[in-house]
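Colleague: Quick one: the structure is below, questions incoming.
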Amino acid sequence: MSDELPVDRERVLQHLTQMLRIRVFEDRCAEMYTKGHIRGFLHLYNGEEAVAVGVMQALSADDAVVATYREHGHALARGVPMNALMAELFGKVTGCSRGRGGSMHIFDKSRNFFGGNAIVAGGIPIAVGLALAFKMQKRNAVSVCFFGEGAAAEGEFHEALNLASLWKLPVLFVCENNQYAMGTALARSEAETSIATKATSYRVSSQTIDGMDVFAIENAARDALTNIHAGKGPMLLEMLTYRFRAHSMFDAQLYRSKTEVEEWQKHGPLITFTKRFKERGLMTEDDYQRIEREASKEVDAAVQFAEESAFEPVNELMRFAQAETQP
Amino acid sequence: MSDELPVDRERVLQHLTQMLRIRVFEDRCAEMYTKGHIRGFLHLYNGEEAVAVGVMQALSADDAVVATYREHGHALARGVPMNALMAELFGKVTGCSRGRGGSMHIFDKSRNFFGGNAIVAGGIPIAVGLALAFKMQKRNAVSVCFFGEGAAAEGEFHEALNLASLWKLPVLFVCENNQYAMGTALARSEAETSIATKATSYRVSSQTIDGMDVFAIENAARDALTNIHAGKGPMLLEMLTYRFRAHSMFDAQLYRSKTEVEEWQKHGPLITFTKRFKERGLMTEDDYQRIEREASKEVDAAVQFAEESAFEPVNELMRFAQAETQP
Amino acid sequence: MTYREAIRDALREALKSDARVFLMGEDIGMYGGSFAVTKGLLAEFGEERIRDTPLSESAFTGAGIGAALAGMRPVVEIMTGNFSLLALDQIVNNAATLCHMSGGQLPVPLVIRLGTGASRQLAAQHSHSFEGWYAHIPGIRVLAPATIDDARAMPGLALKCSDPVLIFEHIGLYNMEGELTSSWPQADIEHAAVRREGSDVSLITYGASLFKCLEAADALAKAGVNAEVIDLRTLRPLDNETIFASVRKTHRAVIVDEGWRSGGISAEIAARIGESCLYDLDAPVVRVCTREIPVPYPRHLEEAALPQVAEIVASVQDMMGKAA
Amino acid sequence: MTYREAIRDALREALKSDARVFLMGEDIGMYGGSFAVTKGLLAEFGEERIRDTPLSESAFTGAGIGAALAGMRPVVEIMTGNFSLLALDQIVNNAATLCHMSGGQLPVPLVIRLGTGASRQLAAQHSHSFEGWYAHIPGIRVLAPATIDDARAMPGLALKCSDPVLIFEHIGLYNMEGELTSSWPQADIEHAAVRREGSDVSLITYGASLFKCLEAADALAKAGVNAEVIDLRTLRPLDNETIFASVRKTHRAVIVDEGWRSGGISAEIAARIGESCLYDLDAPVVRVCTREIPVPYPRHLEEAALPQVAEIVASVQDMMGKAA
Ligand SMILES: Cc1ncc(C[n+]2csc(CCOP(=O)(O)OP(=O)(O)O)c2C)c(N)n1
Ligand SMILES: Cc1ncc(C[n+]2csc(CCOP(=O)(O)OP(=O)(O)O)c2C)c(N)n1
Ligand SMILES: [Mg+2]
Ligand SMILES: [Mg+2]
């Protein structure tokens with residue numbers, strides 16, 4: 001635990017800000033979906049904010065991030081501008097992928113944010129390849145790969161973890177175990193329900209973390225990164241968390257009870273955080289209100305930016321069908 | 001160990017016969033390859049005979065077998081007639097797949113022998129599906145799936161083992177760990193080199209067995225089948241064995257030393273078996289000679305049969321492009 | 001009845017009438033199906049026959065092959081065509097080869113249902129139309145129901161077949177409402193259907209594009225051009241006779257396909273027309289296909305990428321102008 | 001020099017001249033490559049740059065994509081086309097889409113080398129020709145070297161490209177001996193090559209079938225028919241101009257492809273000729289392709305399944321007889 005930073009007021013407000021930005025952003029996305037500004041599949045991150053925020057706090061700008069179709073939170077925590085993100089969801093040319101990707105395909109090369117992948121587990125081998133390059137280039141960077149517990153059933157998870165471990169590559173695997181893959185509870189899809197345990201098949205060291213506790217997550221990520229930087233090979237962190245909203249906007253949630261959802265919500269990352277740090281005197285209700293207001297304003301501005309932005313001209317449809325630059 | 005049968009002279013000779021038939025058959029295949037009667041890829045089973053023989057002894061006719069491209073031994077031990085097998089390698093219409101499959105694609109539906117699969121790990125999901133059918137049909141049958149240790153790196157291994165365990169299907173997974181996948185030593189392809197350990201990721205119980213000891217193999221298989229029949233779900237047996245010959249007929253074996261091969265050969269399934277049971281007075285050198293002669297004669301006959309058989313007429317090339325019968 | 005309900009009814013009938021039939025796929029049970037096709041079937045038939053699977057496309061498709069070999073009649077659902085690429089080894093290397101290479105011993109009566117196509121802004125990893133691509137593979141059959149009748153009939157017909165059958169259901173059609181006609185029980189999977197008779201040009205299509213072609217034909221009729229519209233229904237094997245008969249009558253063909261143009265099913269149809277009807281043609285065959293890019297997310301670009309009615313109409317008009 | 005050596009030399013040169021280049025694949029190092037292409041490179045360049053991988057086609061192909069995104073120039077070897085189906089998700093859903101769907105941010109300069117084709121009696125899971133099938137996918141390039149020059153030039157040219165490039169090496173050509181001509185450094189991956197000039201018919205082909213076509217052209221010459229032979233070299237994008245120019249000159253086209261006919265690259269070529277050269281044709285385009293079955297093991301059936309010289313000659317003669 002040598003890498004833990006002290007928990008002071010500054011860091012408490014910083015983490016709260018990051019989590020609240022995501023929460024408010026996601027809620028607004030749902031609204032924008034209902035209004036028809038956002039279309040396609042929309043997967044929200046409510047309830048899981050602590051994971052992206054905690055992990056990103058531990059990274060440096062050189063590290064690479066690979067995420068899934070449920071990646072708005074990761075993009076925001078990584079520093080992708082909210083305007084570009086919202087514009088992307090609106091399908092506007094000012095979006096971070098020129099509006100071509102939408103919610104499931106957020107890319108920002110300048111921030112080493114490599115998506116946004118809508119094939120479950122499809123990003124894991126890519127993250128391994130980024131790490132391979134970093135190692136060969138003797139860069140001191142790590143590749144961080146987020147995926148759901150459902151992805152652990154895919155063959156690509158298995159192949160990629162073995163490869164990363166065999167070659168001792170600098171990858172931090174972060175499994176966001178939110179208990180469900182769409183409507184399938186973990187116990188209905190995995191004979192062994194501990195993803196951390198599966199890591200032993202690849203001699204990847206692993207840890208199970210309370211995915212609602214942002215500082216625990218940050219500390220675990222810092223420790224893991226220290227080991228990875230020391231050349232000990234990849235590591236897997238399993239974050240126990242919960243998705244508060246539906247899987248996507250088409251989901252009647254027949255597979256879980258309201259009570260279950262409410263029970264988890266009581267232990268949500270924002271509620272527990274606020275309670276704890278108010279008690280410890282590191283933040284006040286006023287702080288919360290102010291930060292939430294600021295987040296709201298930022299989201300307002302992002303919506304306005306997205307609304308006012310132009311669509312990519314149709315005559316650019318075929319652009320980037322091939323790369324425009326030579327390697 | 002309640003399922004062990006007594007080791008008596010009858011069973012000693014029976015196992016010896018099965019193993020020798022395979023050994024002699026494989027050696028003759030190499031010869032026939034050199035002569036140009038067999039073409040394509042030819043993967044021989046020398047050194048691993050105890051695995052197929054031991055496991056098959058434990059099976060009943062209703063059980064299904066799925067193997068790999070290195071499956072002559074399995075076919076013989078399963079009771080596929082040697083004539084049909086050799087004819088298949090010669091590409092003759094009297095072959096068990098009408099000559100269409102060759103060495104890597106031995107099929108005999110009447111014996112529930114489902115191949116012969118030349119995609120590494122490709123047969124594993126099929127074996128799981130056979131077991132699923134058996135379970136749904138409430139048949140008391142088991143599906144037995146052979147694959148190499150190299151196959152354990154493939155995603156299909158991972159997905160299939162989880163599925164079998166999750167649904168508690170009657171599958172016996174038999175990993176033939178002969179230390180190499182083509183030229184790749186296990187430690188150069190797996191971060192965790194115990195395949196048995198990997199089974200824990202799927203809550204599949206597993207055991208590591210001396211793959212040179214045919215009775216140990218048979219006993220382990222019998223025990224496993226008892227558990228599987230009792231509805232305890234699939235099981236994995238890892239057989240530690242060694243391939244005495246090259247991977248296929250195109251292999252200079254640059255990846256291993258002669259000494260290593262010779263060391264393993266000293267502990268080969270036939271040598272150790274003969275030594276042990278001669279010592280225990282259950283067989284004699286005469287027995288060995290006689291059985292080997294008989295095997296040779298059987299192989300002679302099979303070669304003759306194959307040579308004399310006709311090729312499938314070219315005008316039947318398109319037959320079975322679609323199934324001829326309705327389901 | 002919707003297209004979705006028609007498929008569900010067909011599955012229900014198969015489950016009721018044949019104990020060997022079962023369904024397997026991701027979220028087909030508790031969730032009700034990612035496109036709600038299988039909704040309610042879990043309650044009706046139970047977990048043994050409506051099997052939610054883990055996210056393991058290759059394993060459960062392969063398991064479908066194995067179960068089929070052992071006498072069951074599995075219906076595997078793969079949510080969308082893009083995900084089926086994860087199971088392609090099982091489909092192409094095993095399902096499609098086993099019957100022929102075993103010398104006829106091992107037919108694989110497996111049915112795979114897949115969502116296909118764009119129109120819902122699902123972007124580059126959920127919108128592609130691979131049915132024409134699959135139609136390249138010997139040993140499988142490829143169906144593409146466009147109408148309520150075909151949605152109702154095809155699952156049952158596929159289950160009557162001993163070969164692996166892939167049914168591509170266009171995700172833009174699931175909500176389509178319509179009446180089941182009395183002739184649906186006579187549907188087959190051997191023949192294409194002439195959905196509109198005409199004499200001036202043959203619009204050859206399938207799936208959701210059928211409705212764009214019918215709309216284009218209406219528009220063309222107003223301009224005095226009488227278009228025949230062919231719904232291929234089955235992409236492998238193709239029904240040459242219906243295609244050729246139409247082209248021999250109209251002397252002009254426009255193929256409309258939501259797949260990409262190069263090497264798509266549109267190419268095969270054009271090639272066959274060229275081989276068999278060259279001297280019947282009054283103009284080169286025209287193909288209206290999806291632009292050769294991953295389908296983008298925003299509505300305006302998705303629409304621009306896909307074949308549209310205006311483009312079909314313009315192609316025909318252009319062609320009529322050029323008539324020999 | 002053999003075709004195999006030509007590729008090896010190209011790889012060696014790339015490894016020497018560009019520190020970003022590395023090789024990755026099953027048994028390319030210690031074993032020396034399943035078809036011995038990479039033999040000796042491990043000793044020369046070491047384990048860091050000649051990487052033996054586990055049997056994990058999807059993961060190491062995906063890792064190639066990731067490494068390419070981070071500035072490396074990976075050359076991934078997949079032993080044969082059939083196995084590449086296990087990596088198809090990575091190739092089609094990721095490598096082929098990332099550049100376009102990221103709005104140009106993420107080109108994927110990845111080279112994938114694959115063995116392809118029949119001729120060595122490897123049967124139904126090792127013999128198929130998927131290069132034409134891959135050519136359907138936007139976002140990738142597909143190369144098929146047939147000559148020593150192209151084998152020598154194409155890996156380097158592929159590495160100069162920012163798009164994913166698949167190089168299909170015909171396993172029947174690896175042992176082919178020949179001289180490297182002085183013009184190999186001028187090779188490009190934009191153009192098809194006229195390998196033999198002729199005036200009566202265009203034989204359009206690529207890969208190992210090139211040599212069958214040249215042999216057929218020799219036989220035809222003796223019978224007084226002057227065949228032009230086009231080696232496509234690149235299957236995506238196709239070089240329309242060279243094809244059309246030839247057909248406009250000869251007025252007849254025979255496409256010879258070791259892939260299956262329906263929906264193969266042969267269909268695309270025929271369709272394009274029909275679209276652009278309809279009025280130049282004196283006869284319908286003919287396709288000589290592999291029979292639509294999994295390629296069987298025994299020599300006589302493998303031969304019967306594949307395009308052969310006699311069939312090419314007969315097709316041309318038949319066509320000349322029917323000439324308009
Ligand atoms: C290969 C593939 N199969 C299926 C899907 C459809 N799908 C999208 S998200 C999802 C659930 C994934 O669950 P998990 O990995 O736990 O992530 P979560 O959504 O819970 O964050 C499924 C089945 C897909 N996108 N890709
Ligand atoms: C998917 C796939 N990749 C690669 C190959 C080529 N190949 C054939 S056998 C083999 C080695 C397999 O090793 P293992 O599973 O240990 O079985 P063994 O040959 O040792 O019995 C390889 C790489 C293949 N047939 N299929
Ligand atoms: Mg989940
Ligand atoms: Mg092995």
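Chain identifiers are assigned as A, B, and so on, following the order in which chains appear in the structure tokens; residues are numbered from 1 within each chain, and ligands are numbered from 1 in order of appearance.
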Can you tell me which residues sit at most 7 Å away from ligand 1, counting only C-alpha atoms and all ligand atoms, written as a list of chain:residue names?
Modeller: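 Within the 7 Å cut-off, the matching residues are A:Arg70, A:Ala118, A:Ile119, A:Val120, A:Ala121, A:Phe147, A:Gly148, A:Glu149, A:Gly150, A:Ala151, A:Glu176, A:Asn177, A:Asn178, A:Gln179, A:Tyr180, A:Ala181, A:Met182, A:His247, C:Glu26, C:Leu55, C:Glu57, C:Met79, C:Phe83, C:Leu86.
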Colleague: I'd like to know which residues of range 5-186 of chain B are helix (DSSP H, G or I) (by DSSP, run on the backbone); could you write them as number ranges by chain?
Modeller: B: 9-34, 49-57, 72-78, 82-89, 102-104, 109-111, 123-136, 149-153, 155-166, 186
Colleague: Determine, for each residue of chain A having at least one atom at most 12 Å from an atom of chain B, the closest pair of atoms and their separation in Å to one decimal, counting only C-alpha atoms; order by chain and ascending number, as a tab-separated table.
Modeller:
```
residue	atom	partner	partner_atom	distance
A:Ala121	CA	B:Gly155	CA	11.5
A:Pro125	CA	B:Gly155	CA	11.9
A:Gly150	CA	B:Glu159	CA	11.9
A:Ala151	CA	B:Glu159	CA	10.8
A:Ala152	CA	B:Glu159	CA	9.3
A:Ala153	CA	B:Glu159	CA	6.0
A:Glu154	CA	B:Glu159	CA	6.2
A:Gly155	CA	B:Gly155	CA	3.4
A:Glu156	CA	B:Gly155	CA	5.9
A:Phe157	CA	B:Gly155	CA	7.7
A:His158	CA	B:Gly155	CA	5.9
A:Glu159	CA	B:Gly155	CA	5.8
A:Ala160	CA	B:Gly155	CA	9.1
A:Leu161	CA	B:Ala191	CA	9.1
A:Asn162	CA	B:Ala191	CA	6.0
A:Leu163	CA	B:Ala191	CA	7.8
A:Ala164	CA	B:Ala191	CA	8.8
A:Ser165	CA	B:Ala191	CA	5.9
A:Leu166	CA	B:Ala191	CA	4.6
A:Trp167	CA	B:Ala191	CA	8.3
A:Lys168	CA	B:Ala191	CA	9.1
A:Leu169	CA	B:Ala191	CA	11.8
A:Leu186	CA	B:Leu166	CA	10.9
A:Ala187	CA	B:Leu166	CA	8.6
A:Arg188	CA	B:Leu166	CA	7.6
A:Ser189	CA	B:Leu166	CA	7.0
A:Glu190	CA	B:Leu166	CA	6.2
A:Ala191	CA	B:Leu166	CA	4.6
A:Glu192	CA	B:Tyr202	CA	5.2
A:Thr193	CA	B:Tyr202	CA	8.7
A:Ser194	CA	B:Ser201	CA	8.6
A:Ile195	CA	B:Ser201	CA	8.5
A:Ala196	CA	B:Ser201	CA	9.6
A:Thr197	CA	B:Ser201	CA	6.7
A:Lys198	CA	B:Ser201	CA	4.8
A:Ala199	CA	B:Ser201	CA	8.2
A:Thr200	CA	B:Lys198	CA	7.9
A:Ser201	CA	B:Lys198	CA	4.8
A:Tyr202	CA	B:Glu192	CA	5.2
A:Arg203	CA	B:Glu192	CA	5.7
A:Val204	CA	B:Ala191	CA	8.4
A:Ser205	CA	B:Ala191	CA	11.7
A:Gly233	CA	B:Ala191	CA	10.7
A:Pro234	CA	B:Ala191	CA	11.3
```
Colleague: Taking only C-alpha atoms into account, what are the residues of chain C at most 7 Å from chain A, put as a list in words?
Modeller: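 Going by the stated atoms only, the list reads Asp27, Met30, Tyr31, Thr53, Pro54, Leu55, Ser56, Arg120, Gln121, Leu122, Ala123, Gln125, Ile293, Pro296, Tyr297, Pro298, Leu301 and Ala304 of chain C.
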Colleague: Please provide the set of residues having any atom within 10 Å of Asn94 in chain C, restricted to only C-alpha atoms, with same-chain residues fewer than 5 positions apart removed, written as a PyMOL selection string.
Modeller: (chain B and resi 117-119+122-123+126) or (chain C and resi 62+65-66+88-89+99+101+108+139) or (chain D and resi 124-125)
Colleague: Using only C-alpha atoms, select each residue of chain D with any atom at most 8 Å away from an atom of chain C, and give the selection as an MDAnalysis selection string.
Modeller: chainID D and resid 82:83 85:89 93 96:97 100:101 124:125 132:133 135:139 260:265 267:268 270:271 274:276 278 283:286 292:294 296
Colleague: Would you please work out which residue, of A:Leu44, A:Met56, A:Leu132, A:Ile228, is nearest to ligand 3 when using only C-alpha atoms and all ligand atoms?
Modeller: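 So, comparing all the options, the nearest one is A:Leu44.
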Colleague: Out of D:Glu197, D:Arg152, D:Tyr206, D:Ala223, which residue has the shortest atom-to-atom distance to Ser246 in chain D when counting only C-alpha atoms?
Modeller: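 Once distances to Ser246 in chain D are computed over only C-alpha atoms, the minimum belongs to D:Glu197.
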Colleague: Could I get the residues of range 177-221 of chain D with an atom no further than 12 Å from an atom of range 158-163 of chain D, each paired with its nearest atom pair and that distance in Å to one decimal, using only C-alpha atoms, sorted by chain and residue number, as JSON lines?
Modeller:
```
{"residue": "D:Ala187", "atom": "CA", "partner": "D:Ala158", "partner_atom": "CA", "distance": 11.5}
{"residue": "D:Asp188", "atom": "CA", "partner": "D:Ala158", "partner_atom": "CA", "distance": 9.5}
{"residue": "D:Ile189", "atom": "CA", "partner": "D:Ala158", "partner_atom": "CA", "distance": 8.0}
{"residue": "D:Glu190", "atom": "CA", "partner": "D:Ala158", "partner_atom": "CA", "distance": 11.1}
```
Colleague: What separation in Å, quoted to one decimal, exists between CA of Phe244 in chain A and CA of Tyr33 in chain A?
Modeller: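 For CA of Phe244 in chain A relative to CA of Tyr33 in chain A, the distance reads 17.1 Å.
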Colleague: Please measure the separation of CA of Ala220 in chain A and CA of Val261 in chain A, giving the value in Å to one decimal.
Modeller: 26.2 Å
Colleague: Taking into account only C-alpha atoms, which residue in the set B:Lys232, B:Arg28, B:Arg78, B:Arg139 is nearest to Ala295 in chain B?
Modeller: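 Selected residue with least distance to Ala295 in chain B: B:Arg28.
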Colleague: For Asp63 in chain B, list every protein, DNA or RNA residue within 8 Å, evaluated using only C-alpha atoms, and leave out those in the same chain fewer than 6 positions away; present the list as number ranges by chain.
Modeller: B: 112, 141-144
Colleague: For range 42-52 of chain C, find every residue with an atom within 6 Å (counting only C-alpha atoms), except residues of its own chain fewer than 6 positions away, and show them as a VMD selection string.
Modeller: chain C and resid 22 to 29
